[in-house]
Every structure is written in structure tokens, then in C-alpha cells.
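A.B. asks: Okay, handing you the structure first.
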Amino acid sequence: MYKPLILIVLLLSSSFAVLDGSSIGTDEEEQEQYVILPNEMNEETPRQPVINYIPFKEIATIIIDRTDKTITTSYSLMSKDKKDFQIPDSLESKIMNEKKIVSIVYTNTEKCAAGVINATCIMINIPLNEVEGAGLKEKQKAAREIGNLVIDDINQALGTNAKYHSIPIQTVGGSTDEEPNLSVVYTMYHLPAKLLFNMMILENITEEIRFAGGFFNNAKALSLKENSVFIFSMTPEKNRVLYSLHISVTNPATIGLGNLNPLGLLSEDELNRSKLFAVGLYPLNSIINILIISEEKLQVLKTNSDIIGSTSDTDEMRNNGWYYIKTEQLGNSEINKLDLRYLFGNTSSVSKQQLLLSINPVVEDVTLNDIPQNDVSQNGGGCLIATAAFGSEIAPQVQFLRELRDNTVLQTESGTSFMTGFNQFYYSFSPAVADYERENSTFKEAVKLALTPLLSSLTLLQYADIDSESEMLGYGIGVILLNIGMYFVTPVVLIMTVRKRI
């Protein structure tokens with residue numbers, strides 16, 4: 001499959017892997033998990049925040065592929081309610097009844113399948129091992145019979161006139177780990193994304209969604225780009241069909257990740273939600289998804305927004321911030337994917353400043369010889385022990401230590417000299433301590449407890465007005481003596497006092 005289509009498939013699987021566990025379901029039993037009905041409470045029970053339900057979702061996605069130096073930006077409108085895309089009951093029934101169909105994709109992606117050039121495609125995908133037949137030709141014949149059962153209804157519902165073209169074998173994402181599909185490909189004349197999107201607006205997207213704005217407006221604007229790609233997919237699930245409309249643009253680009261500006265890549269200063277979510281709490285209906293594909297393993301060092309601890313905590317879901325940050329390898333390859341999701345909580349928009357990120361490669365098995373001297377003196381290395389103790393580079397305690405080092409200590413020559421000497425000592429043992437923290441949870445909790453007095457004492461430097469070398473030395477020596485007193489003098493005095501009484 002052509003690369004942009006592969007990336008959109010990656011987007012779909014990535015976004016809904018988390019959304020499915022939160023609020024994407026449309027069945028009544030799924031809805032009841034997230035909505036607290038007023039008549040279920042009595043006057044003595046505190047009223048909990050209510051997470052409201054609506055099947056329509058909007059997602060803005062940025063895929064930064066550092067392996068082939070491209071950036072894909074896209075907007076997605078998704079729903080499991082056929083009414084949102086005005087799909088006839090008869091078509092949905094046929095799709096659900098034909099158990100072998102895993103997806104239907106309608107797209108103007110260039111070279112949507114082998115042998116297809118300059119055409120708009122409708123692909124009906126069926127797992128190869130689900131199709132009856134001894135040989136490939138028999139399986140292709142059986143797959144075409146399945147495709148022919150639904151293509152007329154699809155053409156009628158979408159206003160298309162696609163005709164049979166071929167049945168190639170394709171894999172989702174091009175990975176050998178995935179089971180291959182037989183794609184029954186139907187084609188018609190090529191149309192740009194702008195026209196295909198306008199056709200969907202006129203025939204399939206409800207006025208309620210169109211007039212509510214939000215990511216719909218951004219998708220419409222993106223469709224005007226000459227190289228924009230249109231994809232509308234129908235994916236049958238257990239009880240419903242997932243309908244997904246995507247507009248994307250892929251451009252060659254190489255950017256630094258140290259100060260990542262997501263909205264800048266979307267050419268927006270502010271991103272507004274759909275007005276459908278203006279009244280009530282719909283935290284997971286608007287998502288900003290950032291995927292970074294890289295040969296290096298990456299980590300988020302700093303964010304300008306809060307980190308949401310749990311999507312099961314309704315109080316936290318009222319807040320806006322990053323609720324999902326995960327890095328993993330793609331299949332059996334050595335390529336890594338950093339996946340970040342931002343939710344709006346009960347806010348209606350997000351600004352460029354709020355989405356700023358600082359991302360760096362992960363440095364594993366760090367030793368003193370691995371750290372360039374200019375990095376030690378200028379950047380102070382990484383907070384390995386604190387990171388292992390608190391579980392993340394973006395934990396508030398780790399960010400506090402980093403900001404204190406960069407914004408206070410390293411702003412003076414004496415502070416820089418201190419950090420150079422300190423790092424020589426610190427990196428001689430910190431990698432081993434950090435490794436043992438990851439292996440032993442009890443030791444990790446002990447270290448976390450031991451760091452608490454240190455963190456408390458260092459907060460004093462936040463309130464100190466340090467404008468000179470002498471002030472840096474004075475406050476620095478004061479904090480060092482305070483910690484010596486807390487960690488060494490106080491325990492010795494307590495031990496001696498206990499011994500005298502015994």
C-alpha cells in the first residue's frame with residue numbers, strides 16, 4: 001500500500017486503541033459506564049462530575065516520520081453512529097452480516113493498490129485466510145463475490161460509480177507481521193480531496209456536525225491543499241460499524257524535537273473543538289494525537305500542559321492536558337514510535353503555547369565516559385535516579401530538578417563549575433542505582449522517600465533572588481549544609497540520644 005495510506009491506518013489503530021477503553025463505545029451498556037444519572041444519587045451522596053456521551057469524535061494528528069523525513073498532518077471525523085454519516089440501514093446491515101469483511105476504504109490515495117494509477121478507489125478488504133478456495137485464483141474469485149454483494153449499495157450511499165479493477169494481496173501497514181488481505185479494488189476517475197470532501201458534505205455529513213465547526217473546519221481547509229489525501233473508511237466491529245473520514249497532507253520535512261510546536265505544524269495558532277461538546281463534559285471526544293517514528297528511542301522531557309494521571313478519574317478528566325504518553329517498538333523492527341494524546345477536558349480550545357513540548361532521545365546505560373564534557377557542563381546530564389524513582393522524565397519532581405538546574409544553578413559561573421564537578425561524581429554511580437530501582441520496587445520507594453527532604457530544601461532556591469556569583473555561593477552552600485544536617489547530623493544525634501537512654 002502507498003505510504004500515506006499506511007500512515008493513516010497507523011493513525012486509526014493508534015488512536016482507537018486508547019479511545020476504545022475510554023468512551024468510544026455506543027452500546028447502552030458501554031454508555032452507562034461513563035454517565036452518572038442524577039436519579040441514582042441521593043442528597044447525601046456528593047455529586048460526581050458527569051462524563052457525557054456522544055458517538056461522534058474528532059482527532060487532529062501529526063505524524064513525524066524521522067526515518068524517511070516526512071511530516072503528515074491530518075484531521076479525522078469518526079463515529080459509530082451511521083446517522084452521523086447518513087449511511088443507509090441496508091448498507092450497514094450488509095456490512096455487518098458479511099463477517100469476512102474487515103474494512104472498506106474509499107480514497108484518492110495515489111497508487112492505492114498495485115496496478116492502480118490516477119484513480120479514486122474503493123477497496124473491500126478480506127483476510128486471505130478467511131476466504132474459501134484451494135488456490136489463489138479460487139480465493140480471489142470468492143473474494144470478488146463478497147465484494148460484489150456490497151459495491152452497489154456503497155456506490156449508491158456515497159454517490160460513486162466505481163467499477164471492478166483487481167484483487168491484489170496487501171498487508172495493513174506493509175508489515176510482514178500482519179496477516180495479508182485480499183483487497184477487492186473498484187476504481188473510478190480520479191478526484192482531488194477537495195471535491196471528494198465537498199461530496200461528503202453535501203451527501204453524507206449531517207448539518208449538525210457541519211455547523212458545529214471544530215476540527216471539521218480544519219479538515220475542510222486542509223482539503224484545499226493540492227497534495228491532500230481523502231480517506232473514508234467503514235470498519236465493522238462487534239455490534240457497530242466505525243465510520244471514519246480523514247483529510248491528510250504529507251510533506252518532506254526535517255524538524256528538531258527539542259522545542260516541538262505541534263500547532264505550528266498544523267499552521268494554527270489555536271485549535272477549537274466542535275460546538276457539539278460545548279455544553280457538558282466530553283473530555284475524550286476531541287483528541288490531539290502526535291506520533292513520532294524514529295530509529296532512536298525518544299522521551300518527553302518537558303510539557304507546557306499538565307499530565308492527566310488517569311482517565312478513570314472524572315475529576316482529572318475535567319482538566320486539559322496530556323493523558324497518554326507511550327513509547328514502543330513497531331513490530332519486530334528497530335523503529336520506535338512515541339505516541340502522545342492531548343485532551344481538552346472542559347475547555348473549548350488549545351493555544352500554540354499550551355502544546356509546546358521538549359523531546360530528546362533516551363540515553364540508556366549511561367556511564368561517565370558516555371557523557372561529553374560539554375553536555376555535562378552545559379546541560380547537566382539527566383536526573384537518572386529521580387527519573388527512575390518517579391517513573392518518568394516528565395514527572396513534576398523531575399521537571400522541577402531540571403528547571404532548577406537550567407534556570408537557576410547554570411545561570412552563574414560558580415553554579416556551572418559546581419555542576420561540572422557534581423556530574424563527575426553523580427554519574428559514577430547513578431546509572432547502577434537507577435537500574436536497581438527499576439528492578440526492585442521496594443528500593444524504588446525507599447529512594448523516593450529519601451529524595452523528599454532534598455526536594456523540599458531545594459524549593460528554597462525558587463524563592464531566592466540570585467543576581468550575583470556571591471549570592472549563588474551563599475544560597476548554594478546554605479542548601480548543602482541544610483541537607484548535610486537533615487541526612488547526616490540529625491540521624492547521628494538521634495542515634496546517640498537513643499543509646500544514652502538505653
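The way I read the labels, and the way they are meant: chains A, B, ... in the order of the C-alpha cells, residue 1 as the first residue of every chain, and ligand 1 as the first ligand shown, with later ones counted on from there.
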As a PyMOL selection string, please: the residues near range 487-500 of chain A (cut-off 9 Å, only C-alpha atoms, same-chain neighbours under 6 positions excluded).
C.D. replies: chain A and resi 450+453-454
A.B. asks: Go ahead and save the residues from that selection, with N, CA and C atoms, as a short mmCIF file (atom, residue, chain, number, x, y, z; two decimals), in the first residue's frame.
C.D. replies:
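Listing of out38.cif after writing:
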data_model
loop_
_atom_site.label_atom_id
_atom_site.label_comp_id
_atom_site.auth_asym_id
_atom_site.auth_seq_id
_atom_site.Cartn_x
_atom_site.Cartn_y
_atom_site.Cartn_z
N ALA A 450 13.51 8.96 50.36
CA ALA A 450 14.75 9.64 50.72
C ALA A 450 14.94 10.95 49.96
N PRO A 453 13.05 15.00 51.40
CA PRO A 453 13.66 16.15 52.09
C PRO A 453 14.53 17.00 51.16
N LEU A 454 15.25 16.35 50.25
CA LEU A 454 16.09 17.09 49.31
C LEU A 454 15.25 18.01 48.44
#
A.B. asks: Among the residues of range 266-443 of chain A, find those DSSP assigns to helix (DSSP H, G or I) from the backbone and print them as a ChimeraX atom specification.
C.D. replies: /A:275-277,316-318,353-355,368-370,373-378,384-390,396-407,409-411,413-426,430-439,441-443
A.B. asks: Please measure the separation of CA of Tyr106 in chain A and CA of Phe232 in chain A, giving the value in Å to one decimal.
C.D. replies: 5.1 Å
A.B. asks: Between CA of Leu291 in chain A and CA of Pro252 in chain A, measure the distance and give it in Å to one decimal.
C.D. replies: 15.9 Å
A.B. asks: Between A:Ser294, A:Asn272, A:Asn289, A:Gln86, which residue has the minimum interatomic distance to Glu207 in chain A, considering only C-alpha atoms?
C.D. replies: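 Going through A:Ser294, A:Asn272, A:Asn289, A:Gln86 one by one, the smallest distance to Glu207 in chain A is for A:Gln86.
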A.B. asks: Can you tell me, as a PDB file with C-alpha atoms, in the first residue's frame, which residues in range 40-130 of chain A count as strand (DSSP E) by DSSP?
C.D. replies:
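Just written: states-v4.pdb:
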ATOM      1  CA  LYS A  57     -15.237  12.024  17.739  1.00  0.00           C
ATOM      2  CA  GLU A  58     -12.701  14.406  16.218  1.00  0.00           C
ATOM      3  CA  ILE A  59      -8.937  13.860  16.135  1.00  0.00           C
ATOM      4  CA  ALA A  60      -6.095  16.080  14.938  1.00  0.00           C
ATOM      5  CA  THR A  61      -2.963  14.060  14.211  1.00  0.00           C
ATOM      6  CA  ILE A  62       0.665  14.871  13.469  1.00  0.00           C
ATOM      7  CA  ILE A  63       2.912  12.012  12.315  1.00  0.00           C
ATOM      8  CA  ILE A  64       6.598  12.936  12.316  1.00  0.00           C
ATOM      9  CA  ASP A  65       8.457  10.168  10.492  1.00  0.00           C
ATOM     10  CA  THR A  70       8.262  13.358   6.269  1.00  0.00           C
ATOM     11  CA  ILE A  71       5.524  15.017   8.302  1.00  0.00           C
ATOM     12  CA  THR A  72       1.872  14.023   7.888  1.00  0.00           C
ATOM     13  CA  THR A  73      -0.843  16.247   9.333  1.00  0.00           C
ATOM     14  CA  SER A  74      -4.449  15.111   9.339  1.00  0.00           C
ATOM     15  CA  TYR A  75      -7.903  15.693  10.761  1.00  0.00           C
ATOM     16  CA  SER A  76     -10.280  12.803  11.396  1.00  0.00           C
ATOM     17  CA  LEU A  77     -14.031  12.777  11.994  1.00  0.00           C
ATOM     18  CA  MET A  78     -15.237   9.460  13.415  1.00  0.00           C
ATOM     19  CA  SER A  79     -18.439   7.913  14.675  1.00  0.00           C
ATOM     20  CA  SER A 103     -12.732  -2.844   6.270  1.00  0.00           C
ATOM     21  CA  ILE A 104     -13.966  -0.806   3.331  1.00  0.00           C
ATOM     22  CA  VAL A 105     -11.778   2.116   2.233  1.00  0.00           C
ATOM     23  CA  TYR A 106     -12.801   4.893  -0.166  1.00  0.00           C
ATOM     24  CA  THR A 107      -9.798   7.056  -1.093  1.00  0.00           C
ATOM     25  CA  ALA A 119      -7.847   6.764  -9.915  1.00  0.00           C
ATOM     26  CA  THR A 120     -10.176   7.005  -6.936  1.00  0.00           C
ATOM     27  CA  CYS A 121     -10.507   3.626  -5.215  1.00  0.00           C
ATOM     28  CA  ILE A 122     -12.974   1.687  -3.147  1.00  0.00           C
ATOM     29  CA  MET A 123     -11.237  -1.286  -1.511  1.00  0.00           C
ATOM     30  CA  ILE A 124     -13.141  -4.070   0.225  1.00  0.00           C
ATOM     31  CA  ASN A 125     -10.604  -5.863   2.417  1.00  0.00           C
ATOM     32  CA  ILE A 126     -10.986  -9.519   3.385  1.00  0.00           C
ATOM     33  CA  PRO A 127      -8.389 -11.612   5.291  1.00  0.00           C
TER      34      PRO A 127
END
A.B. asks: Could you tell me which of A:Glu130, A:Ile151, A:Asn407, A:Phe390 comes closest to Ser441 in chain A if we count only C-alpha atoms?
C.D. replies: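 Among the listed residues, A:Phe390 lies closest to Ser441 in chain A.
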A.B. asks: For Ala389 in chain A, which residue out of A:Glu403, A:Glu328, A:Asp153, A:Asp435 is the nearest one, using only C-alpha atoms?
C.D. replies: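 Ranking A:Glu403, A:Glu328, A:Asp153, A:Asp435 by distance to Ala389 in chain A, first place goes to A:Asp435.
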A.B. asks: When you count only C-alpha atoms, which of these residues is closest to Asp339 in chain A: A:Ile87, A:Cys383, A:Ile477, A:Ile290?
C.D. replies: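 With only C-alpha atoms as the atom set, the closest residue is A:Ile290.
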A.B. asks: What does the distance between CA of Asn483 in chain A and CA of Tyr436 in chain A come to in Å, to one decimal place?
C.D. replies: 24.0 Å
